[in-house]
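For reference, the structure discussed in these notes is given below.
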Amino acid sequence: MKITPSSLSQKLQTLRSNIYFEGLDESALEKVAEEMQLHLFERKETIFLEEEKSAGLHILKSGSAKIYRLSPQGRQYIVKILAEGDTFNEVSVFGGGGNPVNAAALEKSHVWVIKGEILRELTLAHPIYAQKIINNFADNLRTLVQRVSGMAFYQVTHRLARLLVKLPEDSLSGEGAARLTQDQIAARLGSVREVIARSLKELERGGAIRVENRRIYIVDREKLEDFAEGKWE
């Protein structure tokens, strides 16, 4: 990790475009800007580790990254793939304790890091800011409940189809780090590569997709959506 020089105008522009800081007056934004730095991470470099002391709120400026957890056996489960503009690690900033997850860069990435102390002060001084934090936590909880429900009620093939329907084309058949590997897909679905490979073949036999040179192409979106509906057990 390297700290990259940044100007006040760059910091303010980032804050103004982030949902957390919309509507705050300039004096409040400048106070936050004083407590933020731009970090550079190389591909596969760790951004932070689970249970470590939080460095603060993170905003992905450029590149892409993943949030993940590891089982005691070392199996990886990807909680979320982060894109430019995404904010992450709110839990440790506002809820206390160490980082609840791990994070790593999927490609060369620039990440803004804002110290937690200034953000906690904002929640006391600006009720609107506190409400935005609550709203975001509520959205994250809804997403988590939906994901748990999917793992409980749907077979892997159905969950895989649901994921493929939602992913952008670059994640399936694109070039470089943007394209997800079968290992990464497995980690996102709480499965393993071998199971994902079998599920991909099932979707391919069903005429929904085509797998070629490790790339996934959607052949019939309607059939893929039918797979995605699945069956309640």
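Please note that chains go A, B, ... in the order of the structure tokens, that every chain numbers its residues from 1, and that ligands are numbered from 1 in the order shown.
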
Q.
Taking 5 positions as the minimum chain separation for residues in the same chain, which residues sit within 9 Å of Trp112 (chain A) when counting only C-alpha atoms? Answer as a PyMOL selection string.
A. chain A and resi 11+14+36-40+57-61

Just C-alpha atoms for this one: save the residues we selected as an mmCIF file, in the first residue's frame.
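Just written: again-v1.cif:
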data_model
loop_
_atom_site.group_PDB
_atom_site.id
_atom_site.type_symbol
_atom_site.label_atom_id
_atom_site.label_comp_id
_atom_site.auth_asym_id
_atom_site.auth_seq_id
_atom_site.Cartn_x
_atom_site.Cartn_y
_atom_site.Cartn_z
ATOM 1 C CA LYS A 11 -11.281 15.163 -1.614
ATOM 2 C CA THR A 14 -15.321 12.702 -3.726
ATOM 3 C CA MET A 36 -8.925 11.379 4.566
ATOM 4 C CA GLN A 37 -6.073 9.943 2.522
ATOM 5 C CA LEU A 38 -5.818 8.278 -0.883
ATOM 6 C CA HIS A 39 -4.204 4.822 -0.787
ATOM 7 C CA LEU A 40 -2.905 2.823 -3.743
ATOM 8 C CA LEU A 57 -14.386 4.279 6.174
ATOM 9 C CA HIS A 58 -13.223 3.213 2.703
ATOM 10 C CA ILE A 59 -14.402 4.581 -0.652
ATOM 11 C CA LEU A 60 -13.197 2.888 -3.831
ATOM 12 C CA LYS A 61 -11.999 5.641 -6.180
#

(Q) Give me, as a list of chain:residue names, all polymer residues having an atom no more than 9 Å from Arg69 (chain A), counting only C-alpha atoms and skipping those fewer than 6 positions away in the same chain. (A) A:Glu50, A:Arg75, A:Gln76, A:Tyr77, A:Ile78, A:Val79, A:Pro100, A:Val101, A:Asn102, A:Ala103

Q: Could you tell me, as a VMD selection string, which residues of region 23-219 of chain A DSSP assigns to strand (DSSP E) when given the backbone?
A: chain A and resid 36 to 41 46 to 48 57 to 62 65 to 70 76 to 82 87 to 88 102 to 105 109 to 114 209 to 212 215 to 218

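Shortest atom-to-atom contact with Phe153 (chain A) among A:Phe41, A:Ala186, A:Glu229, A:Lys53: A:Glu229, counting only C-alpha atoms.
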
Q: Would you mind writing down, as a ChimeraX atom specification, each residue of region 58-181 of chain A that DSSP on the backbone assigns to alpha helix (DSSP H)?
A: /A:90-95,116-125,127-153,156-166,169-173

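Every protein or nucleic acid residue with an atom no more than 10 Å from Ser199 (chain A), counting only C-alpha atoms and leaving out same-chain residues fewer than 6 positions away, appears here: Gln155, Val156, Thr157, His158, Arg159, Leu160, Ala161, Arg193 and Arg205 of chain A.
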
For all heavy atoms, I'd like the residues from the last selection saved as a PDB file, in the first residue's frame.
ATOM      1  N   GLN A 155     -31.240 -24.473  -4.913  1.00  0.00           N
ATOM      2  CA  GLN A 155     -30.091 -25.286  -5.244  1.00  0.00           C
ATOM      3  C   GLN A 155     -29.025 -24.415  -5.899  1.00  0.00           C
ATOM      4  O   GLN A 155     -29.309 -23.314  -6.379  1.00  0.00           O
ATOM      5  CB  GLN A 155     -30.507 -26.413  -6.184  1.00  0.00           C
ATOM      6  CG  GLN A 155     -31.513 -27.390  -5.573  1.00  0.00           C
ATOM      7  CD  GLN A 155     -31.975 -28.435  -6.564  1.00  0.00           C
ATOM      8  OE1 GLN A 155     -31.604 -28.384  -7.743  1.00  0.00           O
ATOM      9  NE2 GLN A 155     -32.781 -29.371  -6.098  1.00  0.00           N
ATOM     10  N   VAL A 156     -27.795 -24.943  -5.948  1.00  0.00           N
ATOM     11  CA  VAL A 156     -26.673 -24.162  -6.470  1.00  0.00           C
ATOM     12  C   VAL A 156     -26.927 -23.718  -7.912  1.00  0.00           C
ATOM     13  O   VAL A 156     -26.643 -22.570  -8.271  1.00  0.00           O
ATOM     14  CB  VAL A 156     -25.363 -24.960  -6.373  1.00  0.00           C
ATOM     15  CG1 VAL A 156     -24.228 -24.215  -7.083  1.00  0.00           C
ATOM     16  CG2 VAL A 156     -24.987 -25.197  -4.918  1.00  0.00           C
ATOM     17  N   THR A 157     -27.481 -24.597  -8.734  1.00  0.00           N
ATOM     18  CA  THR A 157     -27.730 -24.238 -10.138  1.00  0.00           C
ATOM     19  C   THR A 157     -28.672 -23.051 -10.236  1.00  0.00           C
ATOM     20  O   THR A 157     -28.472 -22.134 -11.047  1.00  0.00           O
ATOM     21  CB  THR A 157     -28.312 -25.432 -10.912  1.00  0.00           C
ATOM     22  OG1 THR A 157     -27.386 -26.528 -10.844  1.00  0.00           O
ATOM     23  CG2 THR A 157     -28.539 -25.067 -12.375  1.00  0.00           C
ATOM     24  N   HIS A 158     -29.707 -23.036  -9.405  1.00  0.00           N
ATOM     25  CA  HIS A 158     -30.648 -21.925  -9.421  1.00  0.00           C
ATOM     26  C   HIS A 158     -29.982 -20.649  -8.931  1.00  0.00           C
ATOM     27  O   HIS A 158     -30.179 -19.570  -9.505  1.00  0.00           O
ATOM     28  CB  HIS A 158     -31.865 -22.251  -8.553  1.00  0.00           C
ATOM     29  CG  HIS A 158     -32.603 -23.477  -9.002  1.00  0.00           C
ATOM     30  ND1 HIS A 158     -33.218 -24.342  -8.120  1.00  0.00           N
ATOM     31  CD2 HIS A 158     -32.796 -23.998 -10.247  1.00  0.00           C
ATOM     32  CE1 HIS A 158     -33.777 -25.331  -8.808  1.00  0.00           C
ATOM     33  NE2 HIS A 158     -33.529 -25.142 -10.078  1.00  0.00           N
ATOM     34  N   ARG A 159     -29.185 -20.760  -7.871  1.00  0.00           N
ATOM     35  CA  ARG A 159     -28.489 -19.584  -7.347  1.00  0.00           C
ATOM     36  C   ARG A 159     -27.483 -19.050  -8.359  1.00  0.00           C
ATOM     37  O   ARG A 159     -27.303 -17.838  -8.513  1.00  0.00           O
ATOM     38  CB  ARG A 159     -27.798 -19.936  -6.033  1.00  0.00           C
ATOM     39  CG  ARG A 159     -28.783 -20.042  -4.870  1.00  0.00           C
ATOM     40  CD  ARG A 159     -28.273 -20.897  -3.732  1.00  0.00           C
ATOM     41  NE  ARG A 159     -26.884 -20.651  -3.391  1.00  0.00           N
ATOM     42  CZ  ARG A 159     -26.122 -21.556  -2.770  1.00  0.00           C
ATOM     43  NH1 ARG A 159     -26.613 -22.737  -2.450  1.00  0.00           N
ATOM     44  NH2 ARG A 159     -24.884 -21.265  -2.462  1.00  0.00           N
ATOM     45  N   LEU A 160     -26.834 -19.976  -9.067  1.00  0.00           N
ATOM     46  CA  LEU A 160     -25.886 -19.570 -10.098  1.00  0.00           C
ATOM     47  C   LEU A 160     -26.606 -18.812 -11.212  1.00  0.00           C
ATOM     48  O   LEU A 160     -26.132 -17.770 -11.679  1.00  0.00           O
ATOM     49  CB  LEU A 160     -25.172 -20.801 -10.671  1.00  0.00           C
ATOM     50  CG  LEU A 160     -24.247 -20.556 -11.861  1.00  0.00           C
ATOM     51  CD1 LEU A 160     -23.137 -19.570 -11.505  1.00  0.00           C
ATOM     52  CD2 LEU A 160     -23.658 -21.875 -12.352  1.00  0.00           C
ATOM     53  N   ALA A 161     -27.755 -19.322 -11.639  1.00  0.00           N
ATOM     54  CA  ALA A 161     -28.518 -18.641 -12.687  1.00  0.00           C
ATOM     55  C   ALA A 161     -28.944 -17.257 -12.230  1.00  0.00           C
ATOM     56  O   ALA A 161     -28.887 -16.292 -13.011  1.00  0.00           O
ATOM     57  CB  ALA A 161     -29.742 -19.484 -13.050  1.00  0.00           C
ATOM     58  N   ARG A 193     -15.587 -24.772  -6.518  1.00  0.00           N
ATOM     59  CA  ARG A 193     -15.421 -24.696  -7.965  1.00  0.00           C
ATOM     60  C   ARG A 193     -16.020 -25.907  -8.674  1.00  0.00           C
ATOM     61  O   ARG A 193     -16.652 -25.764  -9.734  1.00  0.00           O
ATOM     62  CB  ARG A 193     -13.932 -24.570  -8.299  1.00  0.00           C
ATOM     63  CG  ARG A 193     -13.659 -24.337  -9.776  1.00  0.00           C
ATOM     64  CD  ARG A 193     -12.169 -24.260 -10.057  1.00  0.00           C
ATOM     65  NE  ARG A 193     -11.910 -23.911 -11.439  1.00  0.00           N
ATOM     66  CZ  ARG A 193     -11.961 -24.769 -12.455  1.00  0.00           C
ATOM     67  NH1 ARG A 193     -12.278 -26.037 -12.216  1.00  0.00           N
ATOM     68  NH2 ARG A 193     -11.694 -24.383 -13.680  1.00  0.00           N
ATOM     69  N   ARG A 205     -26.363 -27.358 -20.933  1.00  0.00           N
ATOM     70  CA  ARG A 205     -27.211 -28.394 -21.527  1.00  0.00           C
ATOM     71  C   ARG A 205     -28.647 -27.911 -21.690  1.00  0.00           C
ATOM     72  O   ARG A 205     -29.345 -28.303 -22.629  1.00  0.00           O
ATOM     73  CB  ARG A 205     -27.187 -29.661 -20.664  1.00  0.00           C
ATOM     74  CG  ARG A 205     -25.898 -30.454 -20.736  1.00  0.00           C
ATOM     75  CD  ARG A 205     -26.081 -31.837 -20.153  1.00  0.00           C
ATOM     76  NE  ARG A 205     -26.449 -31.773 -18.744  1.00  0.00           N
ATOM     77  CZ  ARG A 205     -25.577 -31.791 -17.744  1.00  0.00           C
ATOM     78  NH1 ARG A 205     -24.278 -31.883 -18.004  1.00  0.00           N
ATOM     79  NH2 ARG A 205     -25.981 -31.729 -16.485  1.00  0.00           N
TER      80      ARG A 205
END

Q | Residues within 12 Å of Ile134 (chain A), only C-alpha atoms, excluding chain neighbours under 5 positions, as a PyMOL selection string | A | chain A and resi 20+90-91+94-95+123+127-129+139-141

Q: Skip region 207-217 of chain A itself and residues of its chain fewer than 5 positions away, then list as a PyMOL selection string all residues within 8 Å of it, counting only C-alpha atoms.
A: chain A and resi 172-174+181+200+222-224

(Q) Here is a test: counting only C-alpha atoms, which residue of A:Leu203, A:Ile133, A:Leu124, A:Leu70 is nearest to Ala187 (chain A)? (A) A:Leu70

(Q) Give me, as a list in words, all polymer residues having an atom no more than 10 Å from His126 (chain A), counting only C-alpha atoms and skipping those fewer than 5 positions away in the same chain. (A) Leu24, Ala28, Glu121 and Gln131 of chain A

Can you spit out the residues from that selection as a JSON list (two decimals), in the first residue's frame, using N, CA, C and O atoms?
[["chain", "number", "residue", "atom", "x", "y", "z"],
["A", 24, "LEU", "N", -24.25, 17.93, 3.20],
["A", 24, "LEU", "CA", -23.47, 18.53, 4.28],
["A", 24, "LEU", "C", -22.90, 19.87, 3.82],
["A", 24, "LEU", "O", -22.54, 20.04, 2.65],
["A", 28, "ALA", "N", -18.33, 21.35, 7.14],
["A", 28, "ALA", "CA", -18.32, 19.95, 7.58],
["A", 28, "ALA", "C", -17.52, 19.09, 6.61],
["A", 28, "ALA", "O", -16.73, 18.22, 7.03],
["A", 121, "GLU", "N", -18.18, 11.81, 15.01],
["A", 121, "GLU", "CA", -18.53, 13.17, 15.43],
["A", 121, "GLU", "C", -19.65, 13.74, 14.56],
["A", 121, "GLU", "O", -20.54, 14.43, 15.04],
["A", 131, "GLN", "N", -28.96, 9.60, 9.76],
["A", 131, "GLN", "CA", -30.06, 8.90, 9.11],
["A", 131, "GLN", "C", -29.59, 8.16, 7.87],
["A", 131, "GLN", "O", -30.04, 7.05, 7.58]]

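Compared by their closest atoms to Glu22 (chain A), and using only C-alpha atoms, the residues A:Gly96, A:Ala104, A:Gln73, A:Lys132 rank with A:Lys132 nearest.
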
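The gap separating CA of Leu29 (chain A) from CA of Ala125 (chain A) is 12.7 Å, in Å to one decimal.
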
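Put simply, CA of Lys166 (chain A) is 12.7 Å away from CA of Ile81 (chain A).
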
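Nearest residue to Glu84 (chain A) among A:Gly176, A:Tyr154, A:His110, A:Gly97 is A:His110, counting only C-alpha atoms.
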
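The smallest atom-to-atom distance between Thr4 (chain A) and any of A:Gln182, A:Ser191, A:Asn136, A:Ser109, using only C-alpha atoms, is found for A:Ser109.
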
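The space separating CA of Met1 (chain A) from CA of Ile47 (chain A) comes to 7.9 Å.
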
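Distance check against Val148 (chain A) using only C-alpha atoms: of A:Ala228, A:Leu189, A:Ile196, A:Ile3, the minimum falls on A:Leu189.
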